[in-house]
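With compact mmCIF, N, CA and C atoms inside, this is data03.txt:
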# COMPACT_ATOMS: atom_id res chain seq x y z
N MET M 146 -8.05 14.20 5.78
CA MET M 146 -7.19 13.28 6.48
C MET M 146 -7.51 11.86 6.04
N SER M 147 -6.50 11.08 5.69
CA SER M 147 -6.68 9.70 5.27
C SER M 147 -7.14 8.85 6.44
N LYS M 148 -7.86 7.82 6.13
CA LYS M 148 -8.37 6.95 7.18
C LYS M 148 -7.31 5.94 7.60
N SER M 149 -7.13 5.79 8.89
CA SER M 149 -6.27 4.71 9.40
C SER M 149 -7.00 4.04 10.55
N SER M 150 -8.20 3.59 10.23
CA SER M 150 -9.07 3.02 11.26
C SER M 150 -9.18 1.51 11.15
N GLY M 151 -8.17 0.87 10.59
CA GLY M 151 -8.21 -0.58 10.48
C GLY M 151 -8.14 -1.23 11.84
N SER M 152 -8.39 -2.52 11.87
CA SER M 152 -8.44 -3.23 13.14
C SER M 152 -7.09 -3.79 13.57
N GLY M 153 -6.09 -3.77 12.69
CA GLY M 153 -4.79 -4.33 13.03
C GLY M 153 -3.89 -3.34 13.74
N LYS M 154 -2.71 -3.82 14.13
CA LYS M 154 -1.71 -3.00 14.81
C LYS M 154 -1.11 -2.00 13.82
N VAL M 155 -1.03 -0.73 14.23
CA VAL M 155 -0.43 0.31 13.41
C VAL M 155 0.57 1.09 14.25
N VAL M 156 1.82 1.12 13.81
CA VAL M 156 2.84 1.91 14.49
C VAL M 156 2.44 3.38 14.39
N HIS M 157 2.55 4.11 15.50
CA HIS M 157 2.05 5.49 15.58
C HIS M 157 2.60 6.40 14.47
N HIS M 158 3.91 6.39 14.23
CA HIS M 158 4.46 7.30 13.22
C HIS M 158 4.02 6.92 11.81
N VAL M 159 3.67 5.66 11.59
CA VAL M 159 3.14 5.25 10.29
C VAL M 159 1.72 5.80 10.12
N ALA M 160 0.91 5.69 11.16
CA ALA M 160 -0.45 6.24 11.11
C ALA M 160 -0.42 7.74 10.86
N ARG M 161 0.51 8.43 11.50
CA ARG M 161 0.64 9.88 11.32
C ARG M 161 1.02 10.20 9.86
N SER M 162 1.95 9.45 9.29
CA SER M 162 2.36 9.66 7.91
C SER M 162 1.21 9.38 6.95
N PHE M 163 0.49 8.29 7.18
CA PHE M 163 -0.64 7.94 6.31
C PHE M 163 -1.70 9.03 6.34
N ALA M 164 -1.98 9.55 7.52
CA ALA M 164 -3.00 10.60 7.66
C ALA M 164 -2.63 11.86 6.90
N ALA M 165 -1.34 12.08 6.69
CA ALA M 165 -0.87 13.29 5.99
C ALA M 165 -0.80 13.10 4.48
N GLN M 166 -1.06 11.90 3.99
CA GLN M 166 -0.91 11.62 2.56
C GLN M 166 -2.23 11.85 1.82
N SER M 167 -2.32 12.97 1.13
CA SER M 167 -3.57 13.34 0.47
C SER M 167 -3.96 12.37 -0.66
N MET M 168 -3.00 11.71 -1.28
CA MET M 168 -3.31 10.76 -2.34
C MET M 168 -4.18 9.62 -1.80
N MET M 169 -3.83 9.10 -0.64
CA MET M 169 -4.62 8.01 -0.06
C MET M 169 -6.02 8.50 0.30
N GLU M 170 -6.12 9.73 0.77
CA GLU M 170 -7.43 10.31 1.07
C GLU M 170 -8.27 10.40 -0.20
N THR M 171 -7.67 10.87 -1.28
CA THR M 171 -8.36 11.00 -2.56
C THR M 171 -8.91 9.65 -3.03
N LEU M 172 -8.15 8.60 -2.80
CA LEU M 172 -8.56 7.25 -3.22
C LEU M 172 -9.51 6.58 -2.24
N GLY M 173 -9.77 7.20 -1.10
CA GLY M 173 -10.63 6.60 -0.08
C GLY M 173 -9.97 5.42 0.61
N ALA M 174 -8.64 5.40 0.62
CA ALA M 174 -7.89 4.27 1.18
C ALA M 174 -7.88 4.30 2.70
N THR M 175 -7.77 3.11 3.28
CA THR M 175 -7.70 2.94 4.73
C THR M 175 -6.49 2.09 5.08
N LEU M 176 -5.72 2.56 6.05
CA LEU M 176 -4.59 1.79 6.56
C LEU M 176 -5.13 0.80 7.58
N GLN M 177 -5.05 -0.48 7.26
CA GLN M 177 -5.60 -1.52 8.13
C GLN M 177 -4.60 -1.96 9.19
N GLN M 178 -3.34 -2.06 8.80
CA GLN M 178 -2.29 -2.42 9.76
C GLN M 178 -0.94 -2.03 9.19
N ALA M 179 0.01 -1.80 10.07
CA ALA M 179 1.38 -1.47 9.66
C ALA M 179 2.28 -1.65 10.87
N ALA M 180 3.02 -2.73 10.90
CA ALA M 180 3.94 -3.01 12.00
C ALA M 180 4.83 -4.17 11.60
N ASP M 181 6.01 -4.20 12.20
CA ASP M 181 6.91 -5.35 12.05
C ASP M 181 7.25 -5.69 10.60
N GLY M 182 7.39 -4.66 9.75
CA GLY M 182 7.78 -4.89 8.37
C GLY M 182 6.66 -5.35 7.46
N MET M 183 5.41 -5.16 7.89
CA MET M 183 4.26 -5.52 7.06
C MET M 183 3.23 -4.40 7.15
N ALA M 184 2.45 -4.21 6.07
CA ALA M 184 1.39 -3.21 6.08
C ALA M 184 0.26 -3.66 5.16
N GLU M 185 -0.94 -3.22 5.49
CA GLU M 185 -2.12 -3.54 4.67
C GLU M 185 -2.94 -2.28 4.48
N ILE M 186 -3.31 -2.02 3.22
CA ILE M 186 -4.14 -0.88 2.86
C ILE M 186 -5.29 -1.39 2.00
N THR M 187 -6.49 -0.87 2.24
CA THR M 187 -7.64 -1.18 1.40
C THR M 187 -8.17 0.10 0.76
N ALA M 188 -8.80 -0.06 -0.41
CA ALA M 188 -9.41 1.08 -1.10
C ALA M 188 -10.58 0.58 -1.93
N PRO M 189 -11.70 1.30 -1.89
CA PRO M 189 -12.86 0.88 -2.68
C PRO M 189 -12.61 1.07 -4.18
N ILE M 190 -13.20 0.18 -4.97
CA ILE M 190 -13.16 0.34 -6.42
C ILE M 190 -14.44 1.09 -6.80
N GLY M 191 -14.42 2.39 -6.56
CA GLY M 191 -15.57 3.23 -6.81
C GLY M 191 -15.58 3.79 -8.23
N PRO M 192 -16.64 4.51 -8.60
CA PRO M 192 -16.77 5.05 -9.95
C PRO M 192 -15.64 5.99 -10.36
N GLY M 193 -15.02 6.67 -9.41
CA GLY M 193 -13.97 7.64 -9.74
C GLY M 193 -12.61 7.04 -10.00
N VAL M 194 -12.45 5.72 -9.82
CA VAL M 194 -11.13 5.09 -10.00
C VAL M 194 -11.18 3.90 -10.95
N ARG M 195 -12.17 3.91 -11.84
CA ARG M 195 -12.29 2.82 -12.80
C ARG M 195 -11.73 3.23 -14.16
N GLN M 196 -11.29 2.23 -14.91
CA GLN M 196 -10.84 2.50 -16.27
C GLN M 196 -12.01 2.28 -17.23
N GLN M 197 -11.76 2.41 -18.53
CA GLN M 197 -12.83 2.44 -19.53
C GLN M 197 -13.67 1.16 -19.59
N ALA M 198 -13.15 0.02 -19.18
CA ALA M 198 -13.92 -1.24 -19.20
C ALA M 198 -14.63 -1.51 -17.88
N GLY M 199 -14.50 -0.58 -16.92
CA GLY M 199 -15.20 -0.71 -15.65
C GLY M 199 -14.40 -1.36 -14.53
N PHE M 200 -13.20 -1.80 -14.82
CA PHE M 200 -12.34 -2.40 -13.79
C PHE M 200 -11.63 -1.29 -13.01
N GLY M 201 -11.12 -1.63 -11.83
CA GLY M 201 -10.31 -0.68 -11.10
C GLY M 201 -9.08 -0.31 -11.93
N HIS M 202 -8.74 0.96 -11.96
CA HIS M 202 -7.62 1.45 -12.76
C HIS M 202 -6.29 0.95 -12.20
N ALA M 203 -5.35 0.67 -13.09
CA ALA M 203 -4.01 0.23 -12.66
C ALA M 203 -3.33 1.27 -11.78
N GLY M 204 -3.69 2.54 -11.95
CA GLY M 204 -3.13 3.59 -11.10
C GLY M 204 -3.54 3.41 -9.65
N LEU M 205 -4.77 2.99 -9.41
CA LEU M 205 -5.23 2.68 -8.05
C LEU M 205 -4.45 1.49 -7.50
N THR M 206 -4.34 0.45 -8.31
CA THR M 206 -3.62 -0.75 -7.90
C THR M 206 -2.18 -0.42 -7.52
N PHE M 207 -1.51 0.34 -8.39
CA PHE M 207 -0.12 0.70 -8.13
C PHE M 207 0.01 1.59 -6.90
N SER M 208 -0.88 2.57 -6.78
CA SER M 208 -0.79 3.52 -5.66
C SER M 208 -0.89 2.84 -4.30
N ILE M 209 -1.87 1.96 -4.14
CA ILE M 209 -1.99 1.34 -2.82
C ILE M 209 -0.94 0.25 -2.61
N GLY M 210 -0.49 -0.40 -3.69
CA GLY M 210 0.59 -1.38 -3.57
C GLY M 210 1.89 -0.72 -3.17
N ASP M 211 2.23 0.38 -3.82
CA ASP M 211 3.44 1.14 -3.50
C ASP M 211 3.37 1.66 -2.07
N SER M 212 2.22 2.19 -1.68
CA SER M 212 2.08 2.72 -0.32
C SER M 212 2.16 1.62 0.73
N ALA M 213 1.54 0.47 0.47
CA ALA M 213 1.62 -0.63 1.43
C ALA M 213 3.06 -1.09 1.61
N ALA M 214 3.80 -1.19 0.51
CA ALA M 214 5.21 -1.58 0.60
C ALA M 214 6.01 -0.52 1.35
N GLY M 215 5.74 0.75 1.06
CA GLY M 215 6.44 1.84 1.73
C GLY M 215 6.15 1.90 3.21
N TYR M 216 4.90 1.70 3.59
CA TYR M 216 4.56 1.73 5.02
C TYR M 216 5.07 0.50 5.75
N ALA M 217 5.21 -0.61 5.05
CA ALA M 217 5.87 -1.77 5.66
C ALA M 217 7.30 -1.40 6.02
N ALA M 218 7.98 -0.72 5.11
CA ALA M 218 9.36 -0.28 5.37
C ALA M 218 9.40 0.75 6.49
N LEU M 219 8.50 1.72 6.45
CA LEU M 219 8.49 2.77 7.47
C LEU M 219 8.24 2.20 8.86
N SER M 220 7.48 1.11 8.93
CA SER M 220 7.19 0.51 10.24
C SER M 220 8.44 0.00 10.95
N LEU M 221 9.52 -0.21 10.20
CA LEU M 221 10.78 -0.67 10.79
C LEU M 221 11.72 0.47 11.16
N LEU M 222 11.36 1.69 10.79
CA LEU M 222 12.22 2.85 11.04
C LEU M 222 11.81 3.59 12.30
N GLN M 223 12.66 4.51 12.71
CA GLN M 223 12.40 5.34 13.88
C GLN M 223 11.37 6.42 13.55
N PRO M 224 10.69 6.97 14.56
CA PRO M 224 9.65 7.98 14.32
C PRO M 224 10.13 9.23 13.58
N ASP M 225 11.41 9.58 13.67
CA ASP M 225 11.90 10.78 12.99
C ASP M 225 12.47 10.48 11.60
N GLU M 226 12.31 9.25 11.13
CA GLU M 226 12.81 8.86 9.82
C GLU M 226 11.66 8.75 8.82
N GLU M 227 11.99 8.80 7.55
CA GLU M 227 11.02 8.69 6.46
C GLU M 227 11.53 7.67 5.46
N VAL M 228 10.74 7.41 4.45
CA VAL M 228 11.12 6.46 3.41
C VAL M 228 10.58 6.97 2.07
N LEU M 229 11.36 6.77 1.01
CA LEU M 229 10.94 7.13 -0.34
C LEU M 229 11.12 5.93 -1.27
N THR M 230 10.22 5.79 -2.23
CA THR M 230 10.36 4.76 -3.25
C THR M 230 11.44 5.20 -4.23
N THR M 231 12.42 4.32 -4.48
CA THR M 231 13.43 4.64 -5.50
C THR M 231 13.14 3.90 -6.80
N GLU M 232 12.49 2.76 -6.72
CA GLU M 232 12.02 2.06 -7.93
C GLU M 232 10.94 1.07 -7.52
N MET M 233 10.01 0.83 -8.45
CA MET M 233 8.92 -0.10 -8.17
C MET M 233 8.48 -0.73 -9.49
N LYS M 234 8.39 -2.04 -9.52
CA LYS M 234 7.94 -2.79 -10.68
C LYS M 234 6.59 -3.41 -10.35
N ILE M 235 5.72 -3.45 -11.34
CA ILE M 235 4.41 -4.06 -11.12
C ILE M 235 4.12 -5.08 -12.23
N ASN M 236 3.57 -6.22 -11.84
CA ASN M 236 3.03 -7.20 -12.77
C ASN M 236 1.53 -7.22 -12.54
N LEU M 237 0.77 -6.78 -13.53
CA LEU M 237 -0.69 -6.84 -13.45
C LEU M 237 -1.10 -8.21 -13.99
N VAL M 238 -1.74 -9.02 -13.15
CA VAL M 238 -2.02 -10.41 -13.52
C VAL M 238 -3.50 -10.71 -13.74
N ALA M 239 -4.38 -9.78 -13.36
CA ALA M 239 -5.82 -9.97 -13.57
C ALA M 239 -6.51 -8.61 -13.46
N PRO M 240 -7.68 -8.46 -14.07
CA PRO M 240 -8.42 -7.20 -13.93
C PRO M 240 -8.82 -6.97 -12.47
N ALA M 241 -8.84 -5.71 -12.07
CA ALA M 241 -9.23 -5.34 -10.71
C ALA M 241 -10.75 -5.25 -10.66
N LYS M 242 -11.39 -6.39 -10.53
CA LYS M 242 -12.85 -6.48 -10.52
C LYS M 242 -13.29 -6.93 -9.13
N GLY M 243 -14.00 -6.05 -8.42
CA GLY M 243 -14.46 -6.39 -7.07
C GLY M 243 -15.01 -5.17 -6.38
N ASP M 244 -15.30 -5.31 -5.09
CA ASP M 244 -15.80 -4.19 -4.30
C ASP M 244 -14.67 -3.28 -3.85
N TYR M 245 -13.53 -3.89 -3.52
CA TYR M 245 -12.39 -3.09 -3.08
C TYR M 245 -11.10 -3.84 -3.35
N LEU M 246 -9.99 -3.10 -3.28
CA LEU M 246 -8.66 -3.70 -3.40
C LEU M 246 -8.01 -3.76 -2.03
N ARG M 247 -7.23 -4.79 -1.82
CA ARG M 247 -6.44 -4.92 -0.59
C ARG M 247 -4.99 -5.12 -1.00
N ALA M 248 -4.12 -4.24 -0.52
CA ALA M 248 -2.68 -4.36 -0.79
C ALA M 248 -1.98 -4.75 0.50
N ARG M 249 -1.15 -5.76 0.41
CA ARG M 249 -0.35 -6.20 1.56
C ARG M 249 1.12 -6.06 1.19
N GLY M 250 1.80 -5.16 1.88
CA GLY M 250 3.21 -4.94 1.63
C GLY M 250 4.06 -5.57 2.70
N ARG M 251 5.29 -5.93 2.32
CA ARG M 251 6.21 -6.48 3.31
C ARG M 251 7.64 -6.16 2.92
N VAL M 252 8.47 -6.09 3.92
CA VAL M 252 9.90 -5.87 3.71
C VAL M 252 10.55 -7.24 3.54
N GLU M 253 11.19 -7.43 2.40
CA GLU M 253 11.88 -8.69 2.14
C GLU M 253 13.32 -8.66 2.66
N LYS M 254 13.97 -7.50 2.53
CA LYS M 254 15.36 -7.35 2.96
C LYS M 254 15.56 -5.94 3.50
N PRO M 255 15.54 -5.80 4.83
CA PRO M 255 15.80 -4.48 5.39
C PRO M 255 17.29 -4.16 5.30
N GLY M 256 17.59 -2.92 5.04
CA GLY M 256 18.98 -2.50 4.98
C GLY M 256 19.11 -1.08 5.47
N ARG M 257 20.29 -0.70 5.83
CA ARG M 257 20.51 0.66 6.32
C ARG M 257 20.35 1.69 5.20
N ARG M 258 20.81 1.35 3.99
CA ARG M 258 20.75 2.30 2.87
C ARG M 258 19.59 2.03 1.92
N LEU M 259 19.23 0.77 1.73
CA LEU M 259 18.13 0.40 0.85
C LEU M 259 17.34 -0.73 1.49
N MET M 260 16.03 -0.74 1.20
CA MET M 260 15.15 -1.80 1.71
C MET M 260 14.40 -2.39 0.51
N VAL M 261 14.50 -3.70 0.33
CA VAL M 261 13.78 -4.37 -0.75
C VAL M 261 12.40 -4.76 -0.22
N VAL M 262 11.37 -4.38 -0.99
CA VAL M 262 9.98 -4.58 -0.55
C VAL M 262 9.18 -5.28 -1.64
N THR M 263 8.09 -5.91 -1.23
CA THR M 263 7.13 -6.49 -2.17
C THR M 263 5.72 -6.12 -1.71
N ALA M 264 4.79 -6.21 -2.65
CA ALA M 264 3.38 -6.03 -2.30
C ALA M 264 2.55 -6.95 -3.18
N ARG M 265 1.46 -7.36 -2.62
CA ARG M 265 0.49 -8.23 -3.30
C ARG M 265 -0.84 -7.49 -3.23
N VAL M 266 -1.50 -7.30 -4.37
CA VAL M 266 -2.78 -6.59 -4.40
C VAL M 266 -3.85 -7.56 -4.88
N GLU M 267 -4.94 -7.62 -4.12
CA GLU M 267 -6.06 -8.50 -4.45
C GLU M 267 -7.34 -7.70 -4.56
N ALA M 268 -8.21 -8.11 -5.48
CA ALA M 268 -9.57 -7.57 -5.57
C ALA M 268 -10.44 -8.46 -4.69
N VAL M 269 -11.31 -7.82 -3.91
CA VAL M 269 -12.14 -8.56 -2.95
C VAL M 269 -13.61 -8.25 -3.17
N THR M 270 -14.41 -9.31 -3.24
CA THR M 270 -15.87 -9.21 -3.25
C THR M 270 -16.38 -10.28 -2.30
N GLY M 271 -17.01 -9.85 -1.21
CA GLY M 271 -17.46 -10.82 -0.20
C GLY M 271 -16.28 -11.60 0.32
N ASP M 272 -16.35 -12.93 0.22
CA ASP M 272 -15.22 -13.75 0.68
C ASP M 272 -14.35 -14.23 -0.49
N LYS M 273 -14.59 -13.69 -1.69
CA LYS M 273 -13.80 -14.06 -2.86
C LYS M 273 -12.65 -13.06 -3.04
N GLU M 274 -11.43 -13.59 -3.15
CA GLU M 274 -10.23 -12.77 -3.36
C GLU M 274 -9.56 -13.19 -4.66
N THR M 275 -9.19 -12.21 -5.49
CA THR M 275 -8.52 -12.49 -6.76
C THR M 275 -7.22 -11.70 -6.81
N LEU M 276 -6.11 -12.38 -7.04
CA LEU M 276 -4.84 -11.70 -7.18
C LEU M 276 -4.87 -10.81 -8.42
N VAL M 277 -4.56 -9.54 -8.23
CA VAL M 277 -4.59 -8.55 -9.31
C VAL M 277 -3.18 -8.16 -9.72
N ALA M 278 -2.28 -7.99 -8.75
CA ALA M 278 -0.94 -7.50 -9.08
C ALA M 278 0.09 -7.91 -8.04
N LEU M 279 1.32 -8.02 -8.52
CA LEU M 279 2.49 -8.24 -7.67
C LEU M 279 3.46 -7.09 -7.93
N LEU M 280 3.98 -6.51 -6.86
CA LEU M 280 4.94 -5.41 -6.99
C LEU M 280 6.23 -5.78 -6.27
N GLN M 281 7.33 -5.28 -6.79
CA GLN M 281 8.62 -5.40 -6.11
C GLN M 281 9.37 -4.11 -6.31
N GLY M 282 9.98 -3.64 -5.23
CA GLY M 282 10.68 -2.37 -5.33
C GLY M 282 11.75 -2.18 -4.28
N THR M 283 12.29 -0.97 -4.29
CA THR M 283 13.34 -0.59 -3.37
C THR M 283 12.96 0.73 -2.71
N MET M 284 13.11 0.77 -1.39
CA MET M 284 12.83 1.98 -0.62
C MET M 284 14.13 2.54 -0.08
N LEU M 285 14.18 3.86 -0.01
CA LEU M 285 15.33 4.58 0.51
C LEU M 285 14.98 5.17 1.86
N PRO M 286 15.58 4.69 2.95
CA PRO M 286 15.34 5.30 4.26
C PRO M 286 15.98 6.69 4.31
N LEU M 287 15.23 7.67 4.80
CA LEU M 287 15.74 9.04 4.99
C LEU M 287 15.90 9.28 6.47
N ARG M 288 17.12 9.52 6.88
CA ARG M 288 17.41 9.74 8.29
C ARG M 288 17.83 11.18 8.51
N PRO M 289 17.44 11.76 9.67
CA PRO M 289 17.81 13.17 9.92
C PRO M 289 19.32 13.37 10.05

Represent the structure from my file as structure tokens, please.
Amino acid sequence: MSKSSGSGKVVHHVARSFAAQSMMETLGATLQQAADGMAEITAPIGPGVRQQAGFGHAGLTFSIGDSAAGYAALSLLQPDEEVLTTEMKINLVAPAKGDYLRARGRVEKPGRRLMVVTARVEAVTGDKETLVALLQGTMLPLRP
């Protein structure tokens, strides 16, 4: 079960969805908050998710950025609804060097058929934060 033990507000159905996502569990990710069109996920930059030069792998960066953006969108939907990524672009702007990554997703334009989302991923060591990536994408709300 993925961790959703962050200190921020988390909408119940978002926490339930996060707990069911085995990818986030594999990455050791934690849902810190998810409500009101915003979400935050953290994940350690451990030995199992580094690339050949020792930095956090872009796959880790993309995974938590995409998930943070998706959970930001899901936080605006009803408990019986879901959301899927239909497209996501990433700009990697610096190496993921730090103790952990923090992804903050937000809904830029909510819509009934499509939701435009963004995410910002930072590498964190102590009180030092370095911007690693910017993501922009589109989510598809799935309604019963």

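Of the residues under consideration (M:Gln196, M:Glu185, M:Glu232, M:Gly271), M:Glu185 shows the shortest atom-to-atom contact distance to M:Arg247 when counting all atoms listed in the file.
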
Response to the item:
From atom C of M:Val194 to atom C of M:His157 the spacing works out at 29.0 Å

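Remark: for M:Ile235, the closest of the candidate residues M:Glu170, M:Pro289, M:Phe207, M:Ala214 is M:Phe207 (distances computed over all atoms listed in the file).
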
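Picture a line from atom C of M:Ser162 to atom N of M:Leu276; it runs 26.9 Å.
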
Worksheet, complete the sentence: Counting only C-alpha atoms, the residue among M:Gly182, M:Val156, M:Ala203, M:Arg288 that lies closest to M:Ala239 is M:Ala203

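Atom N of M:Gln197 lies 27.6 Å from atom C of M:Phe163.
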
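Nearest-residue note for M:Ala188: choosing from M:Ala217, M:Ala268, M:Leu246, M:Val155, the minimum distance belongs to M:Leu246, counting only C-alpha atoms.
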
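Each of M:Ala241, M:Leu287, M:Ala179, M:Ala160 was compared to M:His202 using only N, CA and C atoms, and M:Ala241 turns out to be the nearest.
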
Discussion item. Based on the backbone DSSP call, show me all residues of stretch 178-233 of chain M assigned helix (DSSP H, G or I), as a ChimeraX atom specification.
Written reply: /M:192-194,203-219

Mind dumping the selected residues with N, CA and C atoms as a PDB file, in the coordinates of the input?
ATOM      1  N   PRO M 192     -16.640   4.510  -8.600  1.00  0.00           N
ATOM      2  CA  PRO M 192     -16.770   5.050  -9.950  1.00  0.00           C
ATOM      3  C   PRO M 192     -15.640   5.990 -10.360  1.00  0.00           C
ATOM      4  N   GLY M 193     -15.020   6.670  -9.410  1.00  0.00           N
ATOM      5  CA  GLY M 193     -13.970   7.640  -9.740  1.00  0.00           C
ATOM      6  C   GLY M 193     -12.610   7.040 -10.000  1.00  0.00           C
ATOM      7  N   VAL M 194     -12.450   5.720  -9.820  1.00  0.00           N
ATOM      8  CA  VAL M 194     -11.130   5.090 -10.000  1.00  0.00           C
ATOM      9  C   VAL M 194     -11.180   3.900 -10.950  1.00  0.00           C
ATOM     10  N   ALA M 203      -5.350   0.670 -13.090  1.00  0.00           N
ATOM     11  CA  ALA M 203      -4.010   0.230 -12.660  1.00  0.00           C
ATOM     12  C   ALA M 203      -3.330   1.270 -11.780  1.00  0.00           C
ATOM     13  N   GLY M 204      -3.690   2.540 -11.950  1.00  0.00           N
ATOM     14  CA  GLY M 204      -3.130   3.590 -11.100  1.00  0.00           C
ATOM     15  C   GLY M 204      -3.540   3.410  -9.650  1.00  0.00           C
ATOM     16  N   LEU M 205      -4.770   2.990  -9.410  1.00  0.00           N
ATOM     17  CA  LEU M 205      -5.230   2.680  -8.050  1.00  0.00           C
ATOM     18  C   LEU M 205      -4.450   1.490  -7.500  1.00  0.00           C
ATOM     19  N   THR M 206      -4.340   0.450  -8.310  1.00  0.00           N
ATOM     20  CA  THR M 206      -3.620  -0.750  -7.900  1.00  0.00           C
ATOM     21  C   THR M 206      -2.180  -0.420  -7.520  1.00  0.00           C
ATOM     22  N   PHE M 207      -1.510   0.340  -8.390  1.00  0.00           N
ATOM     23  CA  PHE M 207      -0.120   0.700  -8.130  1.00  0.00           C
ATOM     24  C   PHE M 207       0.010   1.590  -6.900  1.00  0.00           C
ATOM     25  N   SER M 208      -0.880   2.570  -6.780  1.00  0.00           N
ATOM     26  CA  SER M 208      -0.790   3.520  -5.660  1.00  0.00           C
ATOM     27  C   SER M 208      -0.890   2.840  -4.300  1.00  0.00           C
ATOM     28  N   ILE M 209      -1.870   1.960  -4.140  1.00  0.00           N
ATOM     29  CA  ILE M 209      -1.990   1.340  -2.820  1.00  0.00           C
ATOM     30  C   ILE M 209      -0.940   0.250  -2.610  1.00  0.00           C
ATOM     31  N   GLY M 210      -0.490  -0.400  -3.690  1.00  0.00           N
ATOM     32  CA  GLY M 210       0.590  -1.380  -3.570  1.00  0.00           C
ATOM     33  C   GLY M 210       1.890  -0.720  -3.170  1.00  0.00           C
ATOM     34  N   ASP M 211       2.230   0.380  -3.820  1.00  0.00           N
ATOM     35  CA  ASP M 211       3.440   1.140  -3.500  1.00  0.00           C
ATOM     36  C   ASP M 211       3.370   1.660  -2.070  1.00  0.00           C
ATOM     37  N   SER M 212       2.220   2.190  -1.680  1.00  0.00           N
ATOM     38  CA  SER M 212       2.080   2.720  -0.320  1.00  0.00           C
ATOM     39  C   SER M 212       2.160   1.620   0.730  1.00  0.00           C
ATOM     40  N   ALA M 213       1.540   0.470   0.470  1.00  0.00           N
ATOM     41  CA  ALA M 213       1.620  -0.630   1.430  1.00  0.00           C
ATOM     42  C   ALA M 213       3.060  -1.090   1.610  1.00  0.00           C
ATOM     43  N   ALA M 214       3.800  -1.190   0.510  1.00  0.00           N
ATOM     44  CA  ALA M 214       5.210  -1.580   0.600  1.00  0.00           C
ATOM     45  C   ALA M 214       6.010  -0.520   1.350  1.00  0.00           C
ATOM     46  N   GLY M 215       5.740   0.750   1.060  1.00  0.00           N
ATOM     47  CA  GLY M 215       6.440   1.840   1.730  1.00  0.00           C
ATOM     48  C   GLY M 215       6.150   1.900   3.210  1.00  0.00           C
ATOM     49  N   TYR M 216       4.900   1.700   3.590  1.00  0.00           N
ATOM     50  CA  TYR M 216       4.560   1.730   5.020  1.00  0.00           C
ATOM     51  C   TYR M 216       5.070   0.500   5.750  1.00  0.00           C
ATOM     52  N   ALA M 217       5.210  -0.610   5.050  1.00  0.00           N
ATOM     53  CA  ALA M 217       5.870  -1.770   5.660  1.00  0.00           C
ATOM     54  C   ALA M 217       7.300  -1.400   6.020  1.00  0.00           C
ATOM     55  N   ALA M 218       7.980  -0.720   5.110  1.00  0.00           N
ATOM     56  CA  ALA M 218       9.360  -0.280   5.370  1.00  0.00           C
ATOM     57  C   ALA M 218       9.400   0.750   6.490  1.00  0.00           C
ATOM     58  N   LEU M 219       8.500   1.720   6.450  1.00  0.00           N
ATOM     59  CA  LEU M 219       8.490   2.770   7.470  1.00  0.00           C
ATOM     60  C   LEU M 219       8.240   2.200   8.860  1.00  0.00           C
TER      61      LEU M 219
END

Practice prompt. Could you give me the residues within chain M that DSSP places in strand (DSSP E or B), as an MDAnalysis selection string?
Written response: chainID M and resid 148 155 175:180 183:189 195 201 227:237 241 245:254 260:270 273:287

Item to complete: Go through M:Val262, M:Ile209, M:Val269, M:Leu237 and flag the residue nearest M:Gln281, using only C-alpha atoms for the distances.
Response: M:Val262

Listed atoms of stretch 227-241 of chain M, axis-aligned box, 3 Å per side: centre and edge lengths to one decimal in Å, as lines of an AutoDock Vina configuration file?
center_x = 1.3
center_y = -1.0
center_z = -3.3
size_x = 30.2
size_y = 25.5
size_z = 27.6

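Here the selection is built from all atoms listed in the file, and the residues within 7 Å of (9.5, -9.3, 3.9) turn out to be Gly182, Gly250, Arg251, Val252, Glu253, Lys254, Val261, Val262 and Thr263 of chain M.
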
Worksheet entry | Selection: 12 Å around M:Ala198, only C-alpha atoms, excl. self and same-chain fewer than 6 positions, as a count of residues only | 4
